[in-house]
$ cat start02.txt   # compact mmCIF, C-alpha atoms and all ligand atoms
# COMPACT_ATOMS: atom_id res chain seq x y z
CA MET A 1 -49.92 -8.50 -41.19
CA SER A 2 -49.99 -4.76 -40.91
CA PHE A 3 -46.64 -2.98 -40.83
CA SER A 4 -46.39 0.20 -38.84
CA PRO A 5 -47.16 3.27 -41.01
CA LEU A 6 -43.57 4.48 -41.56
CA ILE A 7 -42.34 1.00 -42.49
CA ARG A 8 -45.36 0.47 -44.76
CA GLN A 9 -44.68 3.81 -46.50
CA MET A 10 -41.01 2.93 -46.89
CA ILE A 11 -41.87 -0.44 -48.47
CA ASP A 12 -44.41 1.21 -50.79
CA ALA A 13 -41.86 3.85 -51.82
CA LEU A 14 -39.22 1.20 -52.58
CA ARG A 15 -41.77 -0.44 -54.88
CA GLY A 16 -41.56 2.73 -56.98
CA LEU A 17 -38.18 1.44 -58.17
CA PRO A 18 -38.40 -0.50 -61.45
CA GLY A 19 -38.31 -4.29 -61.00
CA VAL A 20 -38.95 -4.16 -57.25
CA GLY A 21 -41.93 -6.23 -56.08
CA PRO A 22 -43.46 -6.44 -52.60
CA LYS A 23 -41.13 -9.16 -51.23
CA THR A 24 -37.99 -7.43 -52.54
CA ALA A 25 -39.18 -4.09 -51.14
CA GLN A 26 -39.70 -5.70 -47.71
CA ARG A 27 -36.23 -7.20 -47.83
CA MET A 28 -34.71 -3.85 -48.82
CA ALA A 29 -36.57 -1.97 -46.07
CA LEU A 30 -35.49 -4.47 -43.46
CA HIS A 31 -31.90 -4.45 -44.62
CA LEU A 32 -31.76 -0.64 -44.49
CA LEU A 33 -33.47 -0.33 -41.11
CA GLU A 34 -31.66 -3.21 -39.40
CA ARG A 35 -28.24 -3.19 -40.96
CA ASP A 36 -27.54 -0.04 -42.92
CA ARG A 37 -29.31 3.18 -41.98
CA ALA A 38 -26.31 5.08 -43.32
CA ALA A 39 -27.01 3.63 -46.78
CA ALA A 40 -30.64 4.73 -46.48
CA ALA A 41 -29.62 8.28 -45.51
CA HIS A 42 -27.06 8.33 -48.31
CA LEU A 43 -29.68 7.18 -50.84
CA SER A 44 -32.20 9.77 -49.68
CA SER A 45 -29.66 12.55 -49.99
CA ALA A 46 -28.41 11.37 -53.40
CA LEU A 47 -31.99 11.20 -54.70
CA ASP A 48 -32.75 14.72 -53.50
CA LYS A 49 -29.59 16.14 -55.04
CA ALA A 50 -30.16 14.38 -58.34
CA ILE A 51 -33.80 15.47 -58.58
CA ALA A 52 -32.82 19.06 -57.89
CA GLY A 53 -29.63 19.14 -59.92
CA VAL A 54 -30.06 16.94 -62.97
CA GLY A 55 -31.76 18.48 -65.99
CA TYR A 56 -31.08 18.21 -69.69
CA CYS A 57 -28.17 19.40 -71.83
CA ARG A 58 -29.30 22.43 -73.83
CA ARG A 59 -27.63 21.11 -76.97
CA CYS A 60 -27.88 17.32 -77.05
CA ARG A 61 -30.80 16.91 -74.61
CA THR A 62 -29.26 14.10 -72.61
CA LEU A 63 -29.46 14.13 -68.82
CA SER A 64 -26.99 16.69 -67.51
CA GLU A 65 -26.44 18.74 -64.40
CA THR A 66 -24.72 21.51 -66.34
CA GLU A 67 -26.23 23.63 -69.11
CA LEU A 68 -24.04 21.80 -71.62
CA CYS A 69 -23.11 18.20 -70.87
CA ALA A 70 -19.57 16.84 -70.53
CA ILE A 71 -19.72 15.29 -74.01
CA CYS A 72 -20.92 18.48 -75.75
CA THR A 73 -18.12 20.48 -74.11
CA ASP A 74 -15.35 17.91 -74.65
CA PRO A 75 -12.97 19.34 -77.29
CA ARG A 76 -11.77 15.80 -78.12
CA ARG A 77 -15.19 14.78 -79.45
CA ASP A 78 -15.63 15.07 -83.21
CA PRO A 79 -18.16 17.86 -83.85
CA SER A 80 -18.72 16.66 -87.44
CA LEU A 81 -20.39 13.40 -86.37
CA LEU A 82 -23.79 13.37 -84.68
CA CYS A 83 -25.48 10.22 -83.36
CA ILE A 84 -29.25 10.46 -82.87
CA LEU A 85 -30.77 8.31 -80.14
CA GLN A 86 -34.11 7.79 -78.45
CA SER A 87 -33.12 8.24 -74.82
CA PRO A 88 -30.32 9.12 -72.39
CA ALA A 89 -30.08 5.38 -71.59
CA ASP A 90 -28.97 4.85 -75.19
CA VAL A 91 -26.24 7.48 -74.79
CA TRP A 92 -25.00 5.58 -71.73
CA ALA A 93 -25.10 2.30 -73.65
CA VAL A 94 -23.14 3.67 -76.64
CA GLU A 95 -20.60 5.37 -74.35
CA GLN A 96 -20.10 2.17 -72.39
CA ALA A 97 -19.69 0.21 -75.63
CA GLY A 98 -16.89 2.63 -76.56
CA GLY A 99 -15.56 3.31 -80.04
CA PHE A 100 -17.79 6.30 -80.83
CA ASN A 101 -16.14 9.69 -80.70
CA GLY A 102 -18.79 12.02 -82.10
CA ARG A 103 -21.57 13.85 -80.32
CA TYR A 104 -25.21 12.98 -79.65
CA PHE A 105 -28.72 14.27 -80.00
CA VAL A 106 -31.34 12.64 -77.81
CA LEU A 107 -34.95 12.46 -78.99
CA LYS A 108 -37.87 12.14 -76.60
CA GLY A 109 -38.57 8.55 -77.66
CA HIS A 110 -39.89 7.72 -81.13
CA LEU A 111 -42.68 8.89 -83.40
CA SER A 112 -45.99 7.44 -82.25
CA PRO A 113 -48.96 9.36 -83.66
CA ILE A 114 -51.41 7.16 -81.73
CA ASP A 115 -49.83 8.37 -78.46
CA GLY A 116 -49.72 11.98 -79.63
CA MET A 117 -45.95 11.82 -80.19
CA GLY A 118 -45.37 13.67 -83.44
CA PRO A 119 -42.18 15.35 -84.76
CA ASP A 120 -42.60 18.36 -82.46
CA GLU A 121 -43.11 16.21 -79.37
CA ILE A 122 -40.04 14.04 -79.89
CA GLY A 123 -37.81 17.05 -80.60
CA ILE A 124 -37.29 17.19 -84.39
CA PRO A 125 -37.41 21.04 -84.48
CA ALA A 126 -34.70 21.16 -81.80
CA LEU A 127 -32.64 18.67 -83.80
CA LEU A 128 -32.89 20.86 -86.91
CA ASP A 129 -31.96 23.94 -84.86
CA CYS A 130 -28.98 22.04 -83.50
CA LEU A 131 -27.85 21.19 -87.05
CA ASP A 132 -28.29 24.78 -88.34
CA GLY A 133 -24.90 26.40 -88.59
CA SER A 134 -23.20 23.41 -86.96
CA GLU A 135 -20.11 21.57 -88.17
CA VAL A 136 -22.07 18.28 -88.49
CA MET A 137 -21.11 16.43 -91.69
CA GLU A 138 -22.65 13.05 -90.86
CA VAL A 139 -25.69 12.03 -88.87
CA ILE A 140 -25.92 8.46 -87.56
CA LEU A 141 -29.51 7.38 -86.93
CA ALA A 142 -29.32 5.08 -83.91
CA THR A 143 -32.98 4.83 -83.03
CA ASN A 144 -34.12 1.38 -81.87
CA PRO A 145 -34.43 -1.34 -84.55
CA THR A 146 -38.17 -1.58 -83.88
CA VAL A 147 -40.99 -0.61 -86.25
CA GLU A 148 -41.33 2.77 -84.53
CA GLY A 149 -37.59 3.35 -84.40
CA GLU A 150 -37.28 2.59 -88.11
CA ALA A 151 -40.16 4.93 -88.92
CA THR A 152 -38.53 7.67 -86.84
CA ALA A 153 -35.18 7.14 -88.61
CA HIS A 154 -36.87 7.34 -92.01
CA TYR A 155 -38.70 10.50 -91.05
CA ILE A 156 -35.48 12.18 -89.89
CA ALA A 157 -33.67 11.04 -93.05
CA SER A 158 -36.43 12.66 -95.14
CA MET A 159 -36.03 15.93 -93.21
CA LEU A 160 -32.25 15.91 -93.71
CA ARG A 161 -32.31 15.05 -97.43
CA PRO A 162 -32.52 18.75 -98.51
CA ARG A 163 -29.52 19.65 -96.32
CA GLY A 164 -26.99 17.48 -98.13
CA ILE A 165 -25.73 15.96 -94.87
CA LYS A 166 -24.47 12.37 -94.99
CA VAL A 167 -26.98 10.21 -93.11
CA SER A 168 -26.35 6.65 -91.97
CA ARG A 169 -28.27 4.05 -90.02
CA ILE A 170 -26.60 1.78 -87.46
CA ALA A 171 -26.03 -1.71 -88.86
CA HIS A 172 -28.66 -4.28 -88.10
CA GLY A 173 -26.26 -6.22 -85.98
CA VAL A 174 -28.60 -5.27 -83.17
CA PRO A 175 -31.40 -7.85 -82.97
CA LEU A 176 -34.70 -6.70 -84.51
CA GLY A 177 -37.30 -5.85 -81.90
CA GLY A 178 -34.58 -5.30 -79.30
CA GLU A 179 -33.92 -2.19 -77.27
CA LEU A 180 -30.51 -0.56 -77.46
CA GLU A 181 -30.34 -0.02 -73.75
CA TYR A 182 -30.19 -3.78 -73.08
CA ILE A 183 -27.78 -4.82 -75.83
CA ASP A 184 -24.20 -5.84 -75.00
CA GLY A 185 -21.42 -3.37 -75.73
CA GLY A 186 -19.70 -5.52 -78.35
CA THR A 187 -22.79 -5.86 -80.50
CA LEU A 188 -23.50 -2.17 -80.17
CA ALA A 189 -19.94 -1.13 -81.07
CA HIS A 190 -20.10 -3.46 -84.07
CA ALA A 191 -23.43 -2.05 -85.18
CA LEU A 192 -22.07 1.49 -85.04
CA ALA A 193 -18.90 0.59 -86.95
CA GLY A 194 -20.92 -1.28 -89.59
CA ARG A 195 -23.43 1.51 -90.17
CA THR A 196 -24.72 1.88 -93.73
CA GLN A 197 -25.17 5.22 -95.44
CA ILE A 198 -28.77 5.83 -96.40
CA LEU A 199 -28.55 9.35 -97.84
CA MET B 1 -17.97 6.34 -69.69
CA SER B 2 -18.08 8.85 -66.87
CA PHE B 3 -21.50 9.87 -65.61
CA SER B 4 -21.92 13.38 -64.29
CA PRO B 5 -21.24 13.54 -60.52
CA LEU B 6 -24.86 13.71 -59.31
CA ILE B 7 -25.93 10.81 -61.52
CA ARG B 8 -22.86 8.78 -60.50
CA GLN B 9 -23.64 9.43 -56.82
CA MET B 10 -27.27 8.44 -57.36
CA ILE B 11 -26.24 5.17 -59.04
CA ASP B 12 -23.73 4.43 -56.26
CA ALA B 13 -26.35 5.12 -53.60
CA LEU B 14 -28.86 2.80 -55.29
CA ARG B 15 -26.22 0.06 -55.15
CA GLY B 16 -26.52 0.32 -51.35
CA LEU B 17 -29.82 -1.55 -51.73
CA PRO B 18 -29.46 -5.32 -51.28
CA GLY B 19 -29.43 -7.26 -54.55
CA VAL B 20 -28.87 -4.17 -56.72
CA GLY B 21 -25.83 -4.40 -59.02
CA PRO B 22 -24.37 -1.70 -61.28
CA LYS B 23 -26.64 -2.35 -64.29
CA THR B 24 -29.78 -2.46 -62.18
CA ALA B 25 -28.74 0.73 -60.37
CA GLN B 26 -28.23 2.50 -63.71
CA ARG B 27 -31.64 1.35 -64.90
CA MET B 28 -33.25 2.54 -61.66
CA ALA B 29 -31.52 5.93 -61.81
CA LEU B 30 -32.55 6.47 -65.41
CA HIS B 31 -36.13 5.40 -64.75
CA LEU B 32 -36.41 7.80 -61.82
CA LEU B 33 -34.78 10.76 -63.59
CA GLU B 34 -36.50 10.29 -66.94
CA ARG B 35 -39.90 8.94 -66.06
CA ASP B 36 -40.68 9.24 -62.38
CA ARG B 37 -39.06 12.02 -60.36
CA ALA B 38 -42.12 12.00 -58.10
CA ALA B 39 -41.28 8.40 -57.13
CA ALA B 40 -37.70 9.44 -56.37
CA ALA B 41 -38.87 12.33 -54.16
CA HIS B 42 -41.38 10.04 -52.47
CA LEU B 43 -38.68 7.43 -51.79
CA SER B 44 -36.29 10.03 -50.40
CA SER B 45 -38.93 11.37 -48.05
CA ALA B 46 -40.05 7.89 -46.94
CA LEU B 47 -36.44 6.89 -46.21
CA ASP B 48 -35.84 10.02 -44.12
CA LYS B 49 -39.04 9.55 -42.14
CA ALA B 50 -38.33 5.87 -41.53
CA ILE B 51 -34.73 6.49 -40.43
CA ALA B 52 -35.85 9.20 -38.02
CA GLY B 53 -39.00 7.49 -36.80
CA VAL B 54 -38.42 3.74 -36.67
CA GLY B 55 -36.71 2.36 -33.58
CA TYR B 56 -37.31 -0.77 -31.53
CA CYS B 57 -40.21 -1.85 -29.36
CA ARG B 58 -39.15 -1.52 -25.72
CA ARG B 59 -40.72 -4.88 -24.87
CA CYS B 60 -40.29 -7.24 -27.81
CA ARG B 61 -37.42 -5.46 -29.58
CA THR B 62 -38.91 -5.66 -33.04
CA LEU B 63 -38.81 -2.61 -35.33
CA SER B 64 -41.39 -0.10 -34.15
CA GLU B 65 -42.08 3.58 -34.44
CA THR B 66 -43.85 3.65 -31.09
CA GLU B 67 -42.36 2.80 -27.71
CA LEU B 68 -44.43 -0.37 -27.64
CA CYS B 69 -45.24 -2.01 -30.97
CA ALA B 70 -48.73 -2.73 -32.31
CA ILE B 71 -48.45 -6.41 -31.40
CA CYS B 72 -47.33 -5.78 -27.82
CA THR B 73 -50.24 -3.39 -27.29
CA ASP B 74 -52.90 -5.50 -29.03
CA PRO B 75 -55.29 -6.82 -26.32
CA ARG B 76 -56.32 -9.67 -28.63
CA ARG B 77 -52.83 -11.22 -28.56
CA ASP B 78 -52.33 -14.00 -26.02
CA PRO B 79 -49.87 -12.71 -23.37
CA SER B 80 -49.20 -16.24 -22.13
CA LEU B 81 -47.44 -17.33 -25.34
CA LEU B 82 -44.07 -15.85 -26.35
CA CYS B 83 -42.30 -16.66 -29.62
CA ILE B 84 -38.54 -15.99 -29.65
CA LEU B 85 -37.02 -15.08 -33.01
CA GLN B 86 -33.69 -13.93 -34.40
CA SER B 87 -34.78 -10.80 -36.28
CA PRO B 88 -37.67 -8.47 -37.11
CA ALA B 89 -37.77 -10.12 -40.56
CA ASP B 90 -38.79 -13.34 -38.81
CA VAL B 91 -41.63 -11.53 -37.01
CA TRP B 92 -42.86 -10.31 -40.41
CA ALA B 93 -42.59 -13.84 -41.83
CA VAL B 94 -44.52 -15.44 -38.94
CA GLU B 95 -47.17 -12.70 -39.03
CA GLN B 96 -47.60 -13.13 -42.78
CA ALA B 97 -47.86 -16.91 -42.33
CA GLY B 98 -50.72 -16.27 -39.91
CA GLY B 99 -52.00 -18.68 -37.27
CA PHE B 100 -49.90 -17.39 -34.38
CA ASN B 101 -51.67 -15.28 -31.81
CA GLY B 102 -49.08 -14.85 -29.07
CA ARG B 103 -46.41 -12.20 -28.67
CA TYR B 104 -42.74 -12.07 -29.69
CA PHE B 105 -39.28 -11.42 -28.40
CA VAL B 106 -36.65 -10.57 -30.99
CA LEU B 107 -33.01 -11.49 -30.36
CA LYS B 108 -30.13 -9.66 -32.04
CA GLY B 109 -29.28 -12.68 -34.20
CA HIS B 110 -27.86 -15.85 -32.72
CA LEU B 111 -25.05 -16.83 -30.35
CA SER B 112 -21.73 -16.67 -32.17
CA PRO B 113 -18.79 -16.49 -29.74
CA ILE B 114 -16.32 -16.21 -32.61
CA ASP B 115 -18.01 -12.94 -33.68
CA GLY B 116 -18.23 -11.67 -30.11
CA MET B 117 -21.99 -12.36 -29.96
CA GLY B 118 -22.56 -13.83 -26.52
CA PRO B 119 -25.76 -13.98 -24.42
CA ASP B 120 -25.50 -10.29 -23.45
CA GLU B 121 -24.99 -9.15 -27.04
CA ILE B 122 -27.98 -11.01 -28.47
CA GLY B 123 -30.29 -9.79 -25.71
CA ILE B 124 -30.72 -12.74 -23.28
CA PRO B 125 -30.76 -10.45 -20.18
CA ALA B 126 -33.52 -8.36 -21.78
CA LEU B 127 -35.45 -11.56 -22.54
CA LEU B 128 -35.20 -12.67 -18.92
CA ASP B 129 -36.29 -9.18 -17.74
CA CYS B 130 -39.22 -9.42 -20.13
CA LEU B 131 -40.25 -12.76 -18.63
CA ASP B 132 -39.93 -11.57 -15.00
CA GLY B 133 -43.37 -10.93 -13.62
CA SER B 134 -44.99 -11.53 -17.01
CA GLU B 135 -47.96 -13.75 -17.80
CA VAL B 136 -45.90 -15.94 -20.15
CA MET B 137 -46.72 -19.65 -19.67
CA GLU B 138 -45.05 -20.98 -22.80
CA VAL B 139 -42.03 -19.90 -24.80
CA ILE B 140 -41.70 -21.06 -28.42
CA LEU B 141 -38.08 -21.07 -29.60
CA ALA B 142 -38.26 -20.09 -33.26
CA THR B 143 -34.60 -19.39 -33.96
CA ASN B 144 -33.37 -20.55 -37.36
CA PRO B 145 -32.90 -24.31 -37.86
CA THR B 146 -29.17 -23.79 -38.38
CA VAL B 147 -26.35 -24.95 -36.13
CA GLU B 148 -26.15 -21.50 -34.51
CA GLY B 149 -29.93 -21.18 -34.20
CA GLU B 150 -30.12 -24.61 -32.53
CA ALA B 151 -27.31 -23.70 -30.13
CA THR B 152 -29.10 -20.45 -29.28
CA ALA B 153 -32.37 -22.32 -28.67
CA HIS B 154 -30.62 -24.81 -26.39
CA TYR B 155 -28.93 -22.03 -24.47
CA ILE B 156 -32.22 -20.23 -23.89
CA ALA B 157 -33.91 -23.48 -22.86
CA SER B 158 -31.17 -24.02 -20.27
CA MET B 159 -31.76 -20.52 -18.90
CA LEU B 160 -35.51 -21.08 -18.66
CA ARG B 161 -35.33 -24.54 -17.03
CA PRO B 162 -35.24 -23.14 -13.43
CA ARG B 163 -38.30 -20.97 -14.13
CA GLY B 164 -40.72 -23.81 -14.80
CA ILE B 165 -42.01 -22.23 -18.01
CA LYS B 166 -43.13 -24.58 -20.77
CA VAL B 167 -40.58 -24.31 -23.59
CA SER B 168 -41.09 -25.62 -27.11
CA ARG B 169 -39.12 -25.59 -30.34
CA ILE B 170 -40.78 -25.04 -33.72
CA ALA B 171 -41.19 -28.29 -35.62
CA HIS B 172 -38.49 -29.16 -38.06
CA GLY B 173 -40.85 -28.76 -40.93
CA VAL B 174 -38.61 -25.87 -41.89
CA PRO B 175 -35.72 -27.21 -43.97
CA LEU B 176 -32.45 -27.60 -42.08
CA GLY B 177 -29.94 -24.91 -42.99
CA GLY B 178 -32.71 -22.62 -44.21
CA GLU B 179 -33.53 -19.15 -42.96
CA LEU B 180 -36.99 -18.43 -41.61
CA GLU B 181 -37.27 -15.17 -43.48
CA TYR B 182 -37.30 -16.94 -46.85
CA ILE B 183 -39.60 -19.86 -46.03
CA ASP B 184 -43.15 -19.95 -47.40
CA GLY B 185 -46.00 -19.14 -45.05
CA GLY B 186 -47.59 -22.60 -45.18
CA THR B 187 -44.42 -24.38 -44.06
CA LEU B 188 -43.88 -21.84 -41.35
CA ALA B 189 -47.44 -22.03 -40.03
CA HIS B 190 -47.16 -25.82 -40.02
CA ALA B 191 -43.84 -25.71 -38.17
CA LEU B 192 -45.34 -23.48 -35.50
CA ALA B 193 -48.43 -25.67 -35.07
CA GLY B 194 -46.28 -28.82 -34.89
CA ARG B 195 -43.85 -27.45 -32.31
CA THR B 196 -42.50 -30.00 -29.83
CA GLN B 197 -42.10 -29.28 -26.15
CA ILE B 198 -38.53 -29.55 -25.00
CA LEU B 199 -38.87 -28.53 -21.34
ZN ZN A 201 -24.87 17.62 -74.46
ZN ZN A 202 -43.38 -5.15 -29.24

$ encode --input "start02.txt" --output "structure tokens"
Amino acid sequence: MSFSPLIRQMIDALRGLPGVGPKTAQRMALHLLERDRAAAAHLSSALDKAIAGVGYCRRCRTLSETELCAICTDPRRDPSLLCILQSPADVWAVEQAGGFNGRYFVLKGHLSPIDGMGPDEIGIPALLDCLDGSEVMEVILATNPTVEGEATAHYIASMLRPRGIKVSRIAHGVPLGGELEYIDGGTLAHALAGRTQIL
Amino acid sequence: MSFSPLIRQMIDALRGLPGVGPKTAQRMALHLLERDRAAAAHLSSALDKAIAGVGYCRRCRTLSETELCAICTDPRRDPSLLCILQSPADVWAVEQAGGFNGRYFVLKGHLSPIDGMGPDEIGIPALLDCLDGSEVMEVILATNPTVEGEATAHYIASMLRPRGIKVSRIAHGVPLGGELEYIDGGTLAHALAGRTQIL
């Protein structure tokens, strides 16, 4: 059948959400139009505000709507401990796991020369700037336990070697090949606590 | 952890979508903010346009952005055959099943006295108005094969008895207790073809 243009466009736009196929998008569109137009208006407004207002923290590079994020400006966080991650999703996952009280630095993914993602592209110069003159005594490398994540961790470790900073890698309690974002909080907290020093 | 306000509001708003729990909403928010802000802007705009532009067809009461919907104004549809359904989702389901070439009338759900949904509330007077002076020769009652859907079908049949219109009920090929919206097209097409006349 052919939907009317506005309904068709709404269904297509809902398919832009990850994990939403055509049948689910239809069901969502119908639910919003028939039963909950207020939810649709609320979603539209929240999306607009987030797009306009959410950028990146100048220091740690996680998603933030202020120049410095709430974690970077929290005086209760230990400024001597820096956890390096591949994405803002990983910050959320570690925060939700609990038990970590340092700060973060978020890379733009992992090294992947074949995709043109070298040290500059993933933010290594910004990381080194962030460490210059900082109080950081220990860096925890919490990139994903994948081949690329390991390679990225090793590269960063090699860059930090001359600086005499303590460098550790999260324990391999996280399953190999897995992605941090999808790992349960307990495993993640355990992996952080059981980190091994590599420099 | 506490998300920043705009991200928290975005996640909450995404949970207004049916079937979206907290983890899925987080994943959607992150995907949109990190990888696809264009999709977020597109969704916001499509939602606004649909909310403002989509109403109900004056004749058949399905969702429509024009006063009369595309089906009601299609000269190739048989005006002598009217299929009565409980919701616009059911129109979509029957249209996607294919094989039906008549027109529709969409009730506001089914009779449910306990919820204050009597004949007036579900649109029986509008149905009778729609039949007055129309070319309809046969009405197919395609309410859900649930207790309430059956009761609604029987009530409508009793109202149509004095009019001498042929009235049929979709065949019980659709599983009892099921909802039309979720039934596969083949079963639905079969149930329509195998309808039994009840008046
Ligand atoms: Zn920050
Ligand atoms: Zn219509």

$ interface_residues --input "start02.txt" --of "chain B" --to "chain A" --cutoff "8 Å" --atoms "only C-alpha atoms" --output "JSON, numbers by chain"
{"B": [1, 4, 6, 7, 9, 10, 13, 14, 16, 17, 18, 27, 28, 30, 31, 32, 33, 37, 39, 40, 41, 42, 43, 44, 45, 46, 47, 48, 49, 50, 51, 53, 54, 64, 65, 70, 88, 89, 92, 95, 96, 98]}

$ atom_distance --input "start02.txt" --atom1 "atom CA of B:Leu160" --atom2 "atom CA of B:Asp132"
11.1 Å

$ closest_residue --input "start02.txt" --among "A:Leu180, A:Pro145, A:Glu67, A:Phe100" --to "ligand ZN 201 (chain A)" --atoms "all atoms listed in the file"
A:Glu67

$ closest_residue --input "start02.txt" --among "A:Leu192, A:Ile122, A:Val147, A:Ile140" --to "A:Gln86" --atoms "only C-alpha atoms"
A:Ile122

$ atom_distance --input "start02.txt" --atom1 "atom CA of A:Thr152" --atom2 "atom CA of A:Glu121"
12.2 Å

$ atom_distance --input "start02.txt" --atom1 "atom CA of A:Ser168" --atom2 "atom CA of A:Arg77"
18.6 Å

$ residues_near_point --input "start02.txt" --point "(-32.2, -21.4, -24.2)" --cutoff "10 Å" --atoms "only C-alpha atoms" --output "mmCIF file with C-alpha atoms, in the coordinates of the input"
data_model
loop_
_atom_site.group_PDB
_atom_site.id
_atom_site.type_symbol
_atom_site.label_atom_id
_atom_site.label_comp_id
_atom_site.auth_asym_id
_atom_site.auth_seq_id
_atom_site.Cartn_x
_atom_site.Cartn_y
_atom_site.Cartn_z
ATOM 1 C CA ILE B 84 -38.540 -15.990 -29.650
ATOM 2 C CA PRO B 119 -25.760 -13.980 -24.420
ATOM 3 C CA ILE B 124 -30.720 -12.740 -23.280
ATOM 4 C CA VAL B 139 -42.030 -19.900 -24.800
ATOM 5 C CA LEU B 141 -38.080 -21.070 -29.600
ATOM 6 C CA GLU B 150 -30.120 -24.610 -32.530
ATOM 7 C CA ALA B 151 -27.310 -23.700 -30.130
ATOM 8 C CA THR B 152 -29.100 -20.450 -29.280
ATOM 9 C CA ALA B 153 -32.370 -22.320 -28.670
ATOM 10 C CA HIS B 154 -30.620 -24.810 -26.390
ATOM 11 C CA TYR B 155 -28.930 -22.030 -24.470
ATOM 12 C CA ILE B 156 -32.220 -20.230 -23.890
ATOM 13 C CA ALA B 157 -33.910 -23.480 -22.860
ATOM 14 C CA SER B 158 -31.170 -24.020 -20.270
ATOM 15 C CA MET B 159 -31.760 -20.520 -18.900
ATOM 16 C CA LEU B 160 -35.510 -21.080 -18.660
ATOM 17 C CA ARG B 161 -35.330 -24.540 -17.030
ATOM 18 C CA VAL B 167 -40.580 -24.310 -23.590
#

$ closest_residue --input "start02.txt" --among "A:Asp74, A:Asp120, A:Asp115, A:Glu135" --to "ligand ZN 201 (chain A)" --atoms "all atoms listed in the file"
A:Asp74

$ closest_residue --input "start02.txt" --among "A:Arg76, A:Arg103, A:Pro22, A:Ile183" --to "ligand ZN 201 (chain A)" --atoms "all atoms listed in the file"
A:Arg103

$ closest_residue --input "start02.txt" --among "B:Gly102, B:Gly185, B:Gly133, B:Gly109" --to "ligand ZN 202 (chain A)" --atoms "only C-alpha atoms and all ligand atoms"
B:Gly102

$ closest_residue --input "start02.txt" --among "A:Arg58, A:Met137, A:Glu148, A:Asn101" --to "A:Ala189" --atoms "only C-alpha atoms"
A:Asn101
